[in-house]
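Comments concern the structure below.
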Amino acid sequence: MSALLEIRDLTVRRDKRQVLAINALTVEKGEILAVIGPNGTGKSSLLLTLARLLQPEKGEILWQGRPFKDYQALAYRRHIALVLQEPLLLDVTVFENVAIGLRYRGISSLEIKESVNYWLTRMGIDALSNRSGSQLSGGEAQRASLARAFVLNPELLFLDEPFSALDAPTRLRLMDDLKSILTETGTTAILITHDLKEAGKLASRVAVMLDGQIVQIGTPQDVFANPASPEVATFLGL
Amino acid sequence: MFSFLQTLFSDPDVWAVTLLSLKVSGLATLISLVIGLPFGTLLALSKFPGRSFLMTVVNTGMALPPVVVGLAVAMTLWRSGPLGDFHFIYTPVAIIIAQTIIAAPVVTGLTAAALQQLDPRLQLQLLGLGASRAQMIVTLWREARLPLLAALMAGFGSVISEVGASMMVGGNIRGQTRVLTTAIVLETNKGDFQRAMILGAFLLIITFLINYALTWIQQRGARQR
């Protein structure tokens, strides 16, 4: 595997408060990295920084071996896709919601139709294609949100607590589907979550974040079995 | 009633005044939209020093008394005023300027309010799907289309019905700057209440028809939700 994304000596401030201080973190191509930690520890700030939606104070982030500054933010963002906790669907049909990223990229209508229909079917929501985004249940809306991201064929997928607003049965079904799609497509993903089961099920590596710092990183089995500090053990409930 | 309607539809003066009102207020609303939509968007989506102050100015501007606007515009366009050389005073251009000053804060303030009602994370979501900043803004406008249409209706309503500014900067000159509201004032002053009522009816009918069309578009959008 080769590094898709590398972080070196990164610090980020929000509202004059330092929220991130990460010495080093590498995301390998094809891996699913779960960033876990309690609420308010800076996980979402990390994700927004890596998506170039938040400006770091200092440090360097490399994308495929080249610093961020070598790429225009928009050009970089067209290699990635973002799925947030709330699906935030637009007040248009499900089809148009899923198509929006492709429309931003100027893809032809024919290609859009083909790709969107494929992903609507893949996510099991093809019957809802003409329904308004505002009329979907939580689970359906999050499926549409995932289809909207996967249709872009992203090189890196950011998932910010995508299941936390869902009920348990819906969450389990969607997690299974996401796992199989990620495996099938080989998409690299960074999953932000505070749910250890979610991280254990989906991730190939887990990074534990406390107070804006990565304090442990390893396979889920390693991290859950051998916490690096009492603080990590407390977070893991051990 | 029949003779009333006959008078209403057969008087060329009434049609001329109505047409001018529509032209002047329509153009002022359009210019207000061109100013208010981007400025309201800037206020809603950006953070910069003095933003709160500007919001307060805009919100105050939404309640600007037309006579005060008329006074300021008249002083500016008066022959001895800073823009006197353009000879705009007592022309339709002067009325359009005054009405734009009245409608622009309304459109700006309601545009900002409409966009601020959207979930702020939607901006991040759209950018995270590869939208350029311009594409993101257009998507947000489309998402807020119903309140934005309301902003347009409020802007048009604020100028089609105002009389003070139009009277002061237009001068109510027959065939040149006489609009429906100033004509109503004139006819009332003359004691010709029937004619004033005919003009009033025209004003109400026009306002109703334009708002009906905009409401129809707005509610069609709402039904599709």
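Just so we're on the same page: first chain in the structure tokens is A, next is B, and so on; residues restart at 1 for each chain, and ligands are numbered from 1 in the order they show up.
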
Shell of 12 Å around segment 172-175 of chain A, only C-alpha atoms, local chain residues under 4 positions omitted, as a compact mmCIF listing (two decimals) with C-alpha atoms, in the first residue's frame:
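Here's the written file around-v7.txt:
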# COMPACT_ATOMS: atom_id res chain seq x y z
CA ARG A 122 -26.90 -0.40 -5.29
CA MET A 123 -28.11 1.44 -2.19
CA GLY A 124 -31.60 -0.07 -2.51
CA GLY A 138 -33.60 8.81 8.31
CA GLY A 139 -32.24 5.54 6.93
CA GLU A 140 -33.39 6.25 3.37
CA ALA A 141 -31.91 9.75 3.52
CA GLN A 142 -28.54 8.43 4.71
CA ARG A 143 -28.59 5.85 1.90
CA ALA A 144 -29.18 8.70 -0.55
CA SER A 145 -26.32 10.61 1.07
CA LEU A 146 -23.99 7.61 0.65
CA ALA A 147 -25.11 7.15 -2.97
CA LEU A 159 -17.54 9.74 6.82
CA GLU A 161 -20.52 9.78 12.20
CA PRO A 162 -22.82 8.70 9.35
CA PHE A 163 -24.87 6.28 11.45
CA SER A 164 -25.22 8.10 14.76
CA LEU A 166 -30.12 6.23 12.98
CA ASP A 167 -31.98 3.62 15.02
CA ALA A 168 -30.12 0.38 15.80
CA LYS A 179 -18.75 -2.42 4.50
CA SER A 180 -19.47 -4.48 1.40
CA ILE A 181 -19.39 -1.43 -0.91
CA LEU A 182 -16.09 -0.21 0.54
CA LEU A 191 -14.54 7.23 9.40
CA LYS A 197 -18.52 -1.35 17.53
CA GLU A 198 -18.82 0.69 14.36
CA ALA A 199 -15.05 1.23 14.25
CA GLY A 200 -14.33 -2.45 14.97
CA LYS A 201 -16.68 -3.61 12.25
CA LEU A 202 -15.68 -1.24 9.46
CA ALA A 203 -12.09 -0.16 10.00

Compile the contact shell of segment 155-172 of chain B as a ChimeraX atom specification: residues with an atom at most 9 Å away, counting only C-alpha atoms, same-chain residues fewer than 5 positions apart removed.
/B:21-22,24-26,28-30,32-33,65-71,73-74,77-78,88-96,98-100,102-107,150,177-183,185-186,203,207,211

Output the selection as a JSON list (two decimals), in the first residue's frame - C-alpha atoms for each residue.
[["chain", "number", "residue", "atom", "x", "y", "z"],
["B", 21, "SER", "CA", -45.85, 52.64, -12.55],
["B", 22, "LEU", "CA", -45.15, 49.11, -13.70],
["B", 24, "VAL", "CA", -40.59, 52.25, -12.82],
["B", 25, "SER", "CA", -41.38, 49.90, -9.92],
["B", 26, "GLY", "CA", -40.52, 46.79, -11.93],
["B", 28, "ALA", "CA", -36.46, 49.40, -9.32],
["B", 29, "THR", "CA", -37.33, 45.91, -8.01],
["B", 30, "LEU", "CA", -35.07, 44.30, -10.59],
["B", 32, "SER", "CA", -32.83, 45.91, -6.01],
["B", 33, "LEU", "CA", -32.64, 42.20, -6.73],
["B", 65, "PRO", "CA", -39.60, 56.22, 5.38],
["B", 66, "PRO", "CA", -40.09, 56.92, 1.63],
["B", 67, "VAL", "CA", -40.30, 60.67, 2.25],
["B", 68, "VAL", "CA", -36.87, 60.65, 3.86],
["B", 69, "VAL", "CA", -35.50, 58.75, 0.87],
["B", 70, "GLY", "CA", -37.27, 61.22, -1.41],
["B", 71, "LEU", "CA", -35.70, 64.12, 0.43],
["B", 73, "VAL", "CA", -32.52, 61.75, -3.45],
["B", 74, "ALA", "CA", -34.04, 65.15, -4.27],
["B", 77, "LEU", "CA", -30.26, 65.18, -7.83],
["B", 78, "TRP", "CA", -31.24, 68.84, -7.41],
["B", 88, "PHE", "CA", -32.39, 63.39, -13.36],
["B", 89, "ILE", "CA", -34.67, 65.31, -11.02],
["B", 90, "TYR", "CA", -38.35, 65.12, -12.09],
["B", 91, "THR", "CA", -37.64, 62.25, -14.46],
["B", 92, "PRO", "CA", -38.58, 58.56, -14.20],
["B", 93, "VAL", "CA", -34.89, 57.85, -13.53],
["B", 94, "ALA", "CA", -35.13, 59.81, -10.27],
["B", 95, "ILE", "CA", -38.13, 57.73, -9.20],
["B", 96, "ILE", "CA", -36.29, 54.51, -10.07],
["B", 98, "ALA", "CA", -35.48, 56.51, -5.01],
["B", 99, "GLN", "CA", -37.50, 53.30, -5.25],
["B", 100, "THR", "CA", -34.33, 51.22, -5.56],
["B", 102, "ILE", "CA", -36.34, 51.79, -0.69],
["B", 103, "ALA", "CA", -36.52, 48.23, -2.06],
["B", 104, "ALA", "CA", -32.83, 47.21, -1.95],
["B", 105, "PRO", "CA", -32.62, 46.91, 1.87],
["B", 106, "VAL", "CA", -35.86, 44.90, 1.88],
["B", 107, "VAL", "CA", -34.51, 42.43, -0.67],
["B", 150, "ALA", "CA", -41.12, 36.32, -0.74],
["B", 177, "THR", "CA", -43.48, 61.10, -14.04],
["B", 178, "ARG", "CA", -47.05, 60.55, -12.91],
["B", 179, "VAL", "CA", -47.43, 57.11, -11.41],
["B", 180, "LEU", "CA", -50.53, 55.50, -9.89],
["B", 181, "THR", "CA", -49.88, 56.55, -6.30],
["B", 182, "THR", "CA", -49.04, 60.18, -7.11],
["B", 183, "ALA", "CA", -52.04, 60.35, -9.46],
["B", 185, "VAL", "CA", -53.02, 61.86, -4.35],
["B", 186, "LEU", "CA", -53.59, 64.47, -7.06],
["B", 203, "LEU", "CA", -53.14, 49.78, -8.31],
["B", 207, "THR", "CA", -50.45, 44.43, -7.15],
["B", 211, "ASN", "CA", -48.34, 38.83, -6.28]]

Show me, as a PyMOL selection string, the residues of chain A whose atoms get within 10 Å of chain B, using only C-alpha atoms for the distance check.
chain A and resi 48+51-54+73-84+86-93+100-105+131-135+148-149+152+154+157-158

Determine, counting only C-alpha atoms, which protein, DNA and RNA residues have an atom within 10 Å of an atom of segment 211-215 of chain A; residues of the same chain fewer than 6 positions away are not included. Present the result as a list in words.
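The residues satisfying every condition are Leu10, Thr11, Val12, Gln18, Val19, Leu20, Ala21, Ile22, Asn23, Ala24, Leu25, Val35, Ile36, Gly37, Pro38, Asn39, Gly40, Thr41, Gly42, Lys43, Ser45, Leu46, Pro227, Ala228, Ser229, Glu231 and Val232 of chain A.
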
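Atom pair atom CA of Thr49 of chain A / atom CA of Glu28 of chain A has a distance of 17.6 Å (rounded to one decimal).
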
What is the distance between atom CA of Val34 of chain B and atom CA of Pro147 of chain B, in Å to one decimal?
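A separation of 16.4 Å between them.
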
To one decimal place, how far is atom CA of Ile217 of chain B from atom CA of Leu37 of chain B in Å?
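Atom CA of Ile217 of chain B sits 18.6 Å away from atom CA of Leu37 of chain B.
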
All helix (DSSP H, G or I) positions in segment 23-151 of chain B, as a PyMOL selection string
chain B and resi 23-45+51-61+66-77+84-86+92-116+121-128+133-143+145-151

DSSP-assigned strand (DSSP E or B) among segment 23-121 of chain A, expressed as a short mmCIF file (atom, residue, chain, number, x, y, z; two decimals) with C-alpha atoms, in the first residue's frame:
data_model
loop_
_atom_site.label_atom_id
_atom_site.label_comp_id
_atom_site.auth_asym_id
_atom_site.auth_seq_id
_atom_site.Cartn_x
_atom_site.Cartn_y
_atom_site.Cartn_z
CA ASN A 23 2.54 15.05 14.87
CA ALA A 24 2.11 12.44 12.19
CA LEU A 25 -0.68 10.44 10.58
CA THR A 26 -0.71 8.51 7.34
CA VAL A 27 -3.72 7.22 5.46
CA GLU A 28 -2.82 4.33 3.17
CA ILE A 32 -10.50 2.31 6.15
CA LEU A 33 -9.18 4.38 9.02
CA ALA A 34 -11.53 5.00 11.92
CA VAL A 35 -10.77 8.01 14.07
CA ILE A 36 -12.38 7.39 17.43
CA LYS A 58 0.64 25.25 10.70
CA GLY A 59 1.98 21.95 9.54
CA GLU A 60 1.86 20.11 6.28
CA ILE A 61 -0.60 17.75 4.63
CA LEU A 62 0.52 15.72 1.64
CA TRP A 63 -1.91 14.33 -0.93
CA ARG A 66 2.60 16.35 -2.79
CA PRO A 67 1.76 19.18 -0.39
CA ILE A 80 -12.92 13.32 -2.35
CA ALA A 81 -16.49 13.00 -1.07
CA LEU A 82 -18.00 13.92 2.26
CA VAL A 83 -20.80 12.21 4.17
CA THR A 93 -35.80 14.68 -6.02
#

Closest to Ala114 of chain B among B:Gln219, B:Leu45, B:Ile101, B:Asp11, using only C-alpha atoms?
B:Leu45

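Residues in contact with Arg195 of chain B at 9 Å, where only C-alpha atoms are counted and same-chain residues fewer than 5 positions away are skipped, are listed as Thr7, Leu8, Ile184, Glu187, Thr188 and Gly200 of chain B.
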